[in-house]
$ cat final-v3.txt   # compact mmCIF, C-alpha atoms (C1' of nucleotides)
# COMPACT_ATOMS: atom_id res chain seq x y z
CA MET A 5 -20.54 -98.10 -51.57
CA GLY A 6 -17.99 -100.34 -49.94
CA ASP A 7 -14.91 -98.85 -48.41
CA ARG A 8 -15.47 -95.31 -49.53
CA VAL A 9 -17.21 -94.67 -46.23
CA GLY A 10 -14.33 -96.19 -44.29
CA ALA A 11 -11.86 -93.92 -46.06
CA VAL A 12 -13.97 -90.90 -45.13
CA PHE A 13 -13.99 -91.82 -41.44
CA VAL A 14 -10.26 -92.46 -41.50
CA ALA A 15 -9.71 -89.09 -43.18
CA LEU A 16 -11.86 -87.22 -40.66
CA ALA A 17 -10.31 -88.97 -37.66
CA ASP A 18 -7.39 -86.52 -37.62
CA PRO A 19 -7.97 -82.99 -36.25
CA SER A 20 -5.53 -81.41 -38.70
CA ARG A 21 -7.43 -82.97 -41.59
CA ARG A 22 -10.74 -81.81 -40.16
CA PHE A 23 -9.29 -78.30 -40.00
CA VAL A 24 -8.19 -78.53 -43.63
CA VAL A 25 -11.64 -79.69 -44.70
CA GLU A 26 -13.38 -76.91 -42.80
CA ARG A 27 -10.95 -74.33 -44.08
CA LEU A 28 -11.28 -75.56 -47.64
CA ALA A 29 -15.07 -75.57 -47.45
CA HIS A 30 -14.84 -71.99 -46.27
CA VAL A 31 -12.40 -70.47 -48.74
CA GLY A 32 -13.19 -72.76 -51.65
CA ARG A 33 -9.65 -73.41 -52.81
CA ALA A 34 -6.11 -73.44 -51.45
CA THR A 35 -2.62 -74.81 -52.02
CA SER A 36 -0.62 -76.93 -49.62
CA THR A 37 1.74 -74.05 -48.80
CA GLU A 38 -1.17 -71.73 -48.05
CA LEU A 39 -2.69 -74.28 -45.69
CA ALA A 40 0.69 -74.95 -44.09
CA GLY A 41 0.82 -71.24 -43.22
CA GLU A 42 -2.18 -71.74 -40.94
CA LEU A 43 -1.07 -74.96 -39.31
CA PRO A 44 1.82 -75.77 -36.96
CA MET A 45 3.48 -78.16 -39.37
CA THR A 46 5.47 -78.43 -42.57
CA ARG A 47 4.13 -78.14 -46.08
CA GLN A 48 4.99 -81.78 -46.69
CA ALA A 49 2.93 -82.86 -43.69
CA VAL A 50 -0.02 -80.87 -45.06
CA ALA A 51 0.56 -82.45 -48.47
CA LYS A 52 0.30 -85.91 -46.90
CA HIS A 53 -2.95 -84.96 -45.20
CA LEU A 54 -4.28 -83.64 -48.49
CA ALA A 55 -3.30 -86.94 -50.11
CA THR A 56 -5.38 -88.99 -47.66
CA LEU A 57 -8.24 -86.52 -48.01
CA GLU A 58 -8.07 -86.93 -51.77
CA GLN A 59 -8.03 -90.70 -51.39
CA ALA A 60 -11.32 -90.36 -49.52
CA GLY A 61 -12.65 -88.17 -52.32
CA LEU A 62 -13.17 -85.25 -49.96
CA VAL A 63 -10.79 -83.08 -51.94
CA HIS A 64 -9.66 -82.81 -55.54
CA ALA A 65 -6.22 -81.66 -56.67
CA ARG A 66 -5.57 -79.82 -59.89
CA ARG A 67 -2.28 -78.55 -61.16
CA GLU A 68 -2.44 -74.94 -62.29
CA GLY A 69 0.86 -73.65 -63.57
CA ARG A 70 3.49 -74.30 -60.95
CA GLU A 71 1.05 -74.68 -58.09
CA THR A 72 -1.49 -77.40 -57.34
CA VAL A 73 -4.85 -76.19 -56.14
CA TYR A 74 -7.10 -78.24 -53.84
CA ARG A 75 -10.88 -77.91 -53.85
CA PRO A 76 -13.38 -79.58 -51.49
CA ASP A 77 -15.99 -82.13 -52.52
CA PRO A 78 -18.83 -82.74 -50.05
CA ALA A 79 -20.22 -85.80 -51.83
CA PRO A 80 -18.40 -88.48 -49.76
CA LEU A 81 -19.64 -86.68 -46.65
CA ARG A 82 -23.16 -87.56 -47.64
CA ASP A 83 -22.24 -91.22 -48.08
CA ALA A 84 -20.78 -91.33 -44.58
CA ALA A 85 -23.79 -89.52 -43.17
CA ALA A 86 -26.02 -92.06 -44.89
CA TRP A 87 -24.13 -94.90 -43.20
CA MET A 88 -24.57 -93.28 -39.80
CA ASP A 89 -28.23 -92.63 -40.48
CA ARG A 90 -28.75 -96.26 -41.46
CA VAL A 91 -27.16 -97.57 -38.27
CA GLY A 92 -28.86 -95.03 -36.03
CA THR A 93 -32.23 -95.68 -37.61
CA GLU A 94 -31.91 -99.41 -37.21
CA TRP A 95 -31.27 -98.95 -33.53
CA ASP A 96 -34.18 -96.55 -33.20
CA GLU A 97 -36.51 -98.98 -34.95
CA ARG A 98 -35.41 -101.77 -32.68
CA LEU A 99 -36.27 -99.59 -29.70
CA ALA A 100 -39.65 -98.74 -31.18
CA ALA A 101 -40.40 -102.40 -31.81
CA LEU A 102 -39.44 -103.20 -28.25
CA ALA A 103 -41.73 -100.47 -26.99
CA ARG A 104 -44.60 -101.89 -29.04
CA HIS A 105 -43.90 -105.33 -27.64
CA VAL A 106 -43.92 -104.04 -24.09
CA ASP A 107 -47.18 -102.21 -24.71
CA ALA A 108 -48.75 -105.34 -26.17
CA ARG A 109 -47.75 -107.39 -23.14
CA ARG A 110 -49.00 -104.72 -20.79
CA GLY A 111 -52.27 -104.55 -22.73
CA ARG A 112 -53.34 -108.17 -22.26
CA MET B 11 -19.38 -79.64 -28.54
CA GLY B 12 -15.69 -79.86 -29.22
CA ASP B 13 -13.88 -83.14 -29.36
CA ARG B 14 -16.83 -85.44 -28.99
CA VAL B 15 -17.12 -85.40 -32.76
CA GLY B 16 -13.44 -86.20 -33.18
CA ALA B 17 -13.77 -89.20 -30.90
CA VAL B 18 -16.67 -90.47 -32.99
CA PHE B 19 -14.66 -90.25 -36.21
CA VAL B 20 -11.71 -91.96 -34.57
CA ALA B 21 -14.01 -94.72 -33.32
CA LEU B 22 -15.61 -95.27 -36.72
CA ALA B 23 -12.29 -95.22 -38.58
CA ASP B 24 -11.69 -98.91 -37.81
CA PRO B 25 -13.63 -101.54 -39.79
CA SER B 26 -13.84 -103.91 -36.82
CA ARG B 27 -15.39 -101.16 -34.73
CA ARG B 28 -17.85 -100.30 -37.50
CA PHE B 29 -18.83 -103.96 -37.57
CA VAL B 30 -19.37 -103.93 -33.82
CA VAL B 31 -21.52 -100.82 -34.04
CA GLU B 32 -23.64 -102.27 -36.86
CA ARG B 33 -23.96 -105.58 -35.08
CA LEU B 34 -24.88 -103.92 -31.81
CA ALA B 35 -27.44 -101.68 -33.49
CA HIS B 36 -28.94 -104.85 -34.98
CA VAL B 37 -29.10 -107.15 -31.98
CA GLY B 38 -29.46 -104.46 -29.33
CA ARG B 39 -27.04 -105.88 -26.78
CA ALA B 40 -24.01 -108.13 -26.63
CA THR B 41 -21.00 -109.04 -24.53
CA SER B 42 -17.37 -108.87 -25.61
CA THR B 43 -17.11 -112.66 -25.82
CA GLU B 44 -20.22 -112.90 -27.98
CA LEU B 45 -18.85 -110.29 -30.37
CA ALA B 46 -15.44 -111.99 -30.37
CA GLY B 47 -17.19 -115.12 -31.64
CA GLU B 48 -18.12 -113.25 -34.82
CA LEU B 49 -14.77 -111.60 -35.40
CA PRO B 50 -11.33 -113.00 -36.25
CA MET B 51 -9.72 -111.76 -33.06
CA THR B 52 -9.45 -112.27 -29.33
CA ARG B 53 -11.94 -111.23 -26.72
CA GLN B 54 -9.42 -108.73 -25.34
CA ALA B 55 -9.06 -107.09 -28.72
CA VAL B 56 -12.82 -106.72 -28.91
CA ALA B 57 -12.84 -105.33 -25.37
CA LYS B 58 -10.34 -102.65 -26.45
CA HIS B 59 -12.52 -101.73 -29.39
CA LEU B 60 -15.54 -101.53 -27.11
CA ALA B 61 -13.54 -99.27 -24.80
CA THR B 62 -12.80 -96.74 -27.54
CA LEU B 63 -16.42 -96.97 -28.71
CA GLU B 64 -17.54 -96.24 -25.18
CA GLN B 65 -15.13 -93.31 -24.98
CA ALA B 66 -16.89 -91.89 -28.04
CA GLY B 67 -20.23 -92.44 -26.34
CA LEU B 68 -21.38 -94.79 -29.09
CA VAL B 69 -21.78 -97.65 -26.65
CA HIS B 70 -22.57 -98.05 -22.98
CA ALA B 71 -21.27 -100.85 -20.77
CA ARG B 72 -23.21 -102.28 -17.85
CA ARG B 73 -22.20 -105.08 -15.60
CA GLU B 74 -24.90 -107.71 -15.18
CA GLY B 75 -23.92 -110.51 -12.91
CA ARG B 76 -20.66 -111.93 -14.14
CA GLU B 77 -20.94 -110.55 -17.65
CA THR B 78 -20.78 -106.96 -18.90
CA VAL B 79 -23.36 -106.09 -21.51
CA TYR B 80 -22.82 -103.43 -24.16
CA ARG B 81 -25.66 -101.43 -25.69
CA PRO B 82 -25.47 -98.96 -28.58
CA ASP B 83 -26.20 -95.24 -28.33
CA PRO B 84 -26.86 -93.43 -31.60
CA ALA B 85 -26.74 -89.91 -30.11
CA PRO B 86 -23.05 -89.15 -30.90
CA LEU B 87 -23.75 -90.26 -34.46
CA ARG B 88 -26.10 -87.33 -34.82
CA ASP B 89 -23.43 -84.92 -33.57
CA ALA B 90 -20.96 -86.18 -36.15
CA ALA B 91 -23.60 -86.01 -38.88
CA ALA B 92 -24.31 -82.44 -37.85
CA TRP B 93 -20.62 -81.54 -38.25
CA MET B 94 -20.54 -83.04 -41.73
CA ASP B 95 -23.78 -81.31 -42.64
CA ARG B 96 -22.37 -77.98 -41.49
CA VAL B 97 -19.21 -78.33 -43.56
CA GLY B 98 -21.01 -79.64 -46.62
CA THR B 99 -23.63 -76.91 -46.42
CA GLU B 100 -21.02 -74.20 -46.15
CA TRP B 101 -19.39 -75.44 -49.30
CA ASP B 102 -22.74 -75.67 -51.09
CA GLU B 103 -23.64 -72.13 -50.08
CA ARG B 104 -20.30 -70.88 -51.33
CA LEU B 105 -21.06 -72.53 -54.66
CA ALA B 106 -24.54 -71.02 -54.76
CA ALA B 107 -23.16 -67.56 -54.00
CA LEU B 108 -20.62 -68.02 -56.77
CA ALA B 109 -23.37 -69.03 -59.18
CA ARG B 110 -25.38 -65.93 -58.25
CA HIS B 111 -22.31 -63.81 -58.82
CA VAL B 112 -21.70 -65.33 -62.23
CA ASP B 113 -25.36 -64.83 -63.17
CA ALA B 114 -25.19 -61.20 -62.07
CA ARG B 115 -22.13 -60.56 -64.20
CA ARG B 116 -23.68 -62.33 -67.17
CA GLY B 117 -26.89 -60.37 -66.71
CA ARG B 118 -25.42 -56.89 -67.04
C1' DG C 4 20.23 -67.78 -69.18
C1' DT C 5 19.78 -67.70 -64.23
C1' DA C 6 17.67 -67.21 -59.90
C1' DT C 7 13.69 -68.68 -57.40
C1' DC C 8 9.23 -70.23 -56.17
C1' DG C 9 6.12 -74.06 -55.47
C1' DT C 10 6.00 -79.15 -55.57
C1' DG C 11 7.01 -83.97 -55.52
C1' DC C 12 9.71 -87.75 -53.83
C1' DA C 13 12.35 -90.55 -50.59
C1' DA C 14 14.48 -91.64 -46.42
C1' DC C 15 14.17 -91.49 -41.77
C1' DC C 16 12.30 -91.12 -36.83
C1' DA C 17 9.02 -91.54 -32.95
C1' DT C 18 4.73 -92.53 -31.45
C1' DC C 19 0.29 -94.72 -31.58
C1' DG C 20 -2.80 -98.34 -32.13
C1' DG C 21 -4.45 -103.02 -33.06
C1' DG C 22 -3.54 -107.50 -31.55
C1' DT C 23 -1.63 -111.21 -28.66
C1' DT C 24 -0.50 -114.00 -24.37
C1' DG C 25 -0.59 -114.75 -19.42
C1' DC C 26 -2.44 -114.24 -15.04
C1' DC C 27 -5.65 -112.83 -11.39
C1' DT C 28 -10.29 -111.73 -9.74
C1' DT C 29 -15.21 -112.30 -9.49
C1' DA C 30 -19.64 -114.57 -10.05
C1' DC C 31 -22.36 -118.63 -10.86
C1' DC C 32 -23.42 -123.64 -10.22
C1' DA C 33 -23.34 -128.45 -8.53
C1' DT D 8 -16.91 -125.72 -1.17
C1' DG D 9 -14.66 -126.53 -5.15
C1' DG D 10 -14.78 -126.05 -10.18
C1' DT D 11 -15.62 -123.28 -14.12
C1' DA D 12 -17.08 -119.43 -17.02
C1' DA D 13 -16.62 -114.34 -17.93
C1' DG D 14 -13.88 -110.27 -17.37
C1' DG D 15 -10.23 -106.99 -16.23
C1' DC D 16 -5.25 -105.82 -16.25
C1' DA D 17 -0.54 -105.51 -17.76
C1' DA D 18 3.22 -106.48 -20.60
C1' DC D 19 4.75 -107.09 -24.99
C1' DC D 20 5.12 -107.07 -30.38
C1' DC D 21 4.93 -104.86 -34.71
C1' DG D 22 3.04 -102.41 -38.49
C1' DA D 23 0.75 -97.95 -39.56
C1' DT D 24 0.94 -93.13 -39.25
C1' DG D 25 2.09 -88.20 -38.40
C1' DG D 26 5.94 -85.59 -38.72
C1' DT D 27 10.63 -84.16 -40.15
C1' DT D 28 14.79 -83.08 -43.37
C1' DG D 29 17.09 -83.06 -47.80
C1' DC D 30 17.08 -82.88 -52.55
C1' DA D 31 15.70 -82.84 -57.38
C1' DC D 32 12.65 -80.78 -60.85
C1' DG D 33 9.27 -78.04 -63.70
C1' DA D 34 7.30 -73.33 -64.12
C1' DT D 35 8.04 -68.13 -63.62
C1' DA D 36 10.18 -63.91 -63.28
C1' DC D 37 14.21 -60.89 -64.48
$ encode --input "final-v3.txt" --output "structure tokens"
Amino acid sequence: MGDRVGAVFVALADPSRRFVVERLAHVGRATSTELAGELPMTRQAVAKHLATLEQAGLVHARREGRETVYRPDPAPLRDAAAWMDRVGTEWDERLAALARHVDARRGR
Amino acid sequence: MGDRVGAVFVALADPSRRFVVERLAHVGRATSTELAGELPMTRQAVAKHLATLEQAGLVHARREGRETVYRPDPAPLRDAAAWMDRVGTEWDERLAALARHVDARRGR
DNA sequence: GTATCGTGCAACCATCGGGTTGCCTTACCA
DNA sequence: TGGTAAGGCAACCCGATGGTTGCACGATAC
């Protein structure tokens, strides 16, 4: 569970990569040239973005004939969401404990 | 709801900043010098990290006397989690629809 | 076979971002 | 009222990163 989460946040930190993820989740599969047709940048730039997305596990590449097809994988998203939930919950619990403490002091 | 989410991902992309967020969620409040004591870097570096965290709304600064205290805010975390949930769900629904389609074809 | 389409690879460039040092201001304390 | 502790600000350094161009190479179509 170590740095997988970090890689996901790094991958999602770039707006172009977020667009690719959204687009891929919508259409299911695409090639780098197809995606480059919908973005203001070169195919190679898109390929680099896809590489970092794949490193985070958010996307899987598969060569089919002379083209490589990319498909989304939402699993790492859940890991990252779990991290955020853990941190947020801890903070919430601390607040709740503080509230209880205040109530106890007010009660005596 | 636009770029708030992007700022959160950018903020969480750095391991030092993730540490600060976790630490802050745990202890509730801290100053930049206190946090710098637990990290292999200068107070100014920590202050920069706190600045980008504050820009993402994950942290709020408040001057108290001669020290400025930082407190965590989990709200933007929920926004980011919602984005991830939306994308992941869309992909899951696409898969479910595909499965239904396959079943329908197999059924006839 | 030959033309061509889709990729991968490598070099290169500019900007950004994480980190440092140095100095100046402000608040506390004796 | 002077000393000291905590912060903010600005300049600077350098490696990472997003983007480009150019080219070589396997798969397809004719």
$ interface_residues --input "final-v3.txt" --of "chain D" --to "chain B" --cutoff "12 Å" --atoms "all atoms listed in the file" --output "number ranges by chain"
D: 12-16
$ interface_residues --input "final-v3.txt" --of "chain A" --to "chain B" --cutoff "9 Å" --atoms "all atoms listed in the file" --output "ChimeraX atom specification"
/A:10-19,22,25-26,28-32,76-79,81-82,84-86,88-89,91-96,98-99
$ atom_distance --input "final-v3.txt" --atom1 "atom CA of Glu38 of chain A" --atom2 "atom C1' of DA36 of chain D"
20.5 Å
$ atom_distance --input "final-v3.txt" --atom1 "atom CA of Leu68 of chain B" --atom2 "atom CA of Arg8 of chain A"
21.3 Å
$ residues_around --input "final-v3.txt" --residues "Tyr80 of chain B" --least-positions-apart "3" --cutoff "7 Å" --atoms "all atoms listed in the file" --output "compact mmCIF listing (two decimals) with C-alpha atoms, in the frame of the given file"
# COMPACT_ATOMS: atom_id res chain seq x y z
CA ARG B 39 -27.04 -105.88 -26.78
CA ALA B 40 -24.01 -108.13 -26.63
CA THR B 41 -21.00 -109.04 -24.53
CA VAL B 69 -21.78 -97.65 -26.65
CA HIS B 70 -22.57 -98.05 -22.98
CA ALA B 71 -21.27 -100.85 -20.77
CA ARG B 72 -23.21 -102.28 -17.85
$ atom_distance --input "final-v3.txt" --atom1 "atom C1' of DA18 of chain D" --atom2 "atom CA of Thr62 of chain B"
20.0 Å
$ closest_residue --input "final-v3.txt" --among "B:Arg27, B:Gln65, B:Arg116, B:Leu45" --to "chain C" --atoms "only C-alpha atoms (C1' of nucleotides)"
B:Arg27
$ axis_aligned_box --input "final-v3.txt" --around "segment 107-110 of chain A" --padding-each-side "3 Å" --output "AutoDock Vina command-line options"
--center_x -48.1 --center_y -104.8 --center_z -23.5 --size_x 7.8 --size_y 11.2 --size_z 11.4
$ interface_residues --input "final-v3.txt" --of "chain C" --to "chain A" --cutoff "10 Å" --atoms "all atoms listed in the file" --output "number ranges by chain"
C: 8-11
$ closest_atom_pairs --input "final-v3.txt" --of "chain D" --to "segment 12-33 of chain C" --cutoff "9 Å" --atoms "all atoms listed in the file" --output "CSV"
residue,atom,partner,partner_atom,distance
D:DG10,C1',C:DC32,C1',9.0
D:DT11,C1',C:DC32,C1',8.7
D:DA12,C1',C:DC31,C1',8.2
D:DA13,C1',C:DA30,C1',8.4
D:DG14,C1',C:DT29,C1',8.2
D:DG15,C1',C:DT28,C1',8.0
D:DC16,C1',C:DC27,C1',8.5
D:DC19,C1',C:DT23,C1',8.4
D:DC20,C1',C:DT23,C1',8.1
D:DA23,C1',C:DG20,C1',8.2
D:DT24,C1',C:DC19,C1',7.9
D:DG25,C1',C:DT18,C1',8.6
D:DG26,C1',C:DC16,C1',8.6
D:DT27,C1',C:DC16,C1',7.9
D:DT28,C1',C:DC15,C1',8.6
D:DC30,C1',C:DC12,C1',8.9
D:DA31,C1',C:DC12,C1',8.5
$ decode --input "final-v3.txt" --residues "segment 13-65 of chain B" --atoms "C-alpha atoms" --output "PDB file, in the first residue's frame"
ATOM      1  CA  ASP B  13     -10.036  23.591 -10.212  1.00  0.00           C
ATOM      2  CA  ARG B  14     -10.386  23.102  -6.503  1.00  0.00           C
ATOM      3  CA  VAL B  15     -10.000  19.394  -7.114  1.00  0.00           C
ATOM      4  CA  GLY B  16      -6.901  19.935  -9.237  1.00  0.00           C
ATOM      5  CA  ALA B  17      -5.295  21.969  -6.471  1.00  0.00           C
ATOM      6  CA  VAL B  18      -5.966  19.151  -4.014  1.00  0.00           C
ATOM      7  CA  PHE B  19      -4.273  16.579  -6.247  1.00  0.00           C
ATOM      8  CA  VAL B  20      -1.329  18.888  -6.796  1.00  0.00           C
ATOM      9  CA  ALA B  21      -1.044  19.415  -3.043  1.00  0.00           C
ATOM     10  CA  LEU B  22      -1.162  15.701  -2.261  1.00  0.00           C
ATOM     11  CA  ALA B  23       1.308  14.783  -5.012  1.00  0.00           C
ATOM     12  CA  ASP B  24       4.273  15.573  -2.750  1.00  0.00           C
ATOM     13  CA  PRO B  25       5.227  13.087  -0.008  1.00  0.00           C
ATOM     14  CA  SER B  26       6.334  15.831   2.386  1.00  0.00           C
ATOM     15  CA  ARG B  27       2.965  17.515   2.033  1.00  0.00           C
ATOM     16  CA  ARG B  28       1.148  14.220   2.577  1.00  0.00           C
ATOM     17  CA  PHE B  29       3.174  13.791   5.749  1.00  0.00           C
ATOM     18  CA  VAL B  30       2.197  17.274   6.892  1.00  0.00           C
ATOM     19  CA  VAL B  31      -1.472  16.575   6.222  1.00  0.00           C
ATOM     20  CA  GLU B  32      -1.370  13.262   8.102  1.00  0.00           C
ATOM     21  CA  ARG B  33       0.547  14.799  10.969  1.00  0.00           C
ATOM     22  CA  LEU B  34      -1.797  17.759  11.161  1.00  0.00           C
ATOM     23  CA  ALA B  35      -4.867  15.533  11.074  1.00  0.00           C
ATOM     24  CA  HIS B  36      -3.315  13.608  13.969  1.00  0.00           C
ATOM     25  CA  VAL B  37      -2.224  16.395  16.283  1.00  0.00           C
ATOM     26  CA  GLY B  38      -4.850  18.930  15.252  1.00  0.00           C
ATOM     27  CA  ARG B  39      -2.604  21.990  15.067  1.00  0.00           C
ATOM     28  CA  ALA B  40       1.025  22.870  14.516  1.00  0.00           C
ATOM     29  CA  THR B  41       3.355  25.659  13.476  1.00  0.00           C
ATOM     30  CA  SER B  42       5.812  25.575  10.593  1.00  0.00           C
ATOM     31  CA  THR B  43       8.784  25.333  12.960  1.00  0.00           C
ATOM     32  CA  GLU B  44       7.238  22.432  14.848  1.00  0.00           C
ATOM     33  CA  LEU B  45       6.632  20.562  11.600  1.00  0.00           C
ATOM     34  CA  ALA B  46      10.133  21.405  10.376  1.00  0.00           C
ATOM     35  CA  GLY B  47      11.456  19.634  13.473  1.00  0.00           C
ATOM     36  CA  GLU B  48       9.991  16.376  12.176  1.00  0.00           C
ATOM     37  CA  LEU B  49      11.099  16.744   8.581  1.00  0.00           C
ATOM     38  CA  PRO B  50      14.549  16.785   6.958  1.00  0.00           C
ATOM     39  CA  MET B  51      14.207  20.321   5.654  1.00  0.00           C
ATOM     40  CA  THR B  52      14.152  23.973   6.601  1.00  0.00           C
ATOM     41  CA  ARG B  53      11.322  25.870   8.174  1.00  0.00           C
ATOM     42  CA  GLN B  54      10.957  27.926   4.997  1.00  0.00           C
ATOM     43  CA  ALA B  55      10.540  24.808   2.910  1.00  0.00           C
ATOM     44  CA  VAL B  56       7.796  23.644   5.252  1.00  0.00           C
ATOM     45  CA  ALA B  57       6.212  27.092   5.057  1.00  0.00           C
ATOM     46  CA  LYS B  58       6.084  26.787   1.257  1.00  0.00           C
ATOM     47  CA  HIS B  59       4.433  23.398   1.535  1.00  0.00           C
ATOM     48  CA  LEU B  60       1.914  24.816   3.982  1.00  0.00           C
ATOM     49  CA  ALA B  61       1.223  27.629   1.523  1.00  0.00           C
ATOM     50  CA  THR B  62       0.312  25.246  -1.290  1.00  0.00           C
ATOM     51  CA  LEU B  63      -1.741  23.162   1.148  1.00  0.00           C
ATOM     52  CA  GLU B  64      -3.588  26.296   2.176  1.00  0.00           C
ATOM     53  CA  GLN B  65      -4.156  27.202  -1.472  1.00  0.00           C
TER      54      GLN B  65
END
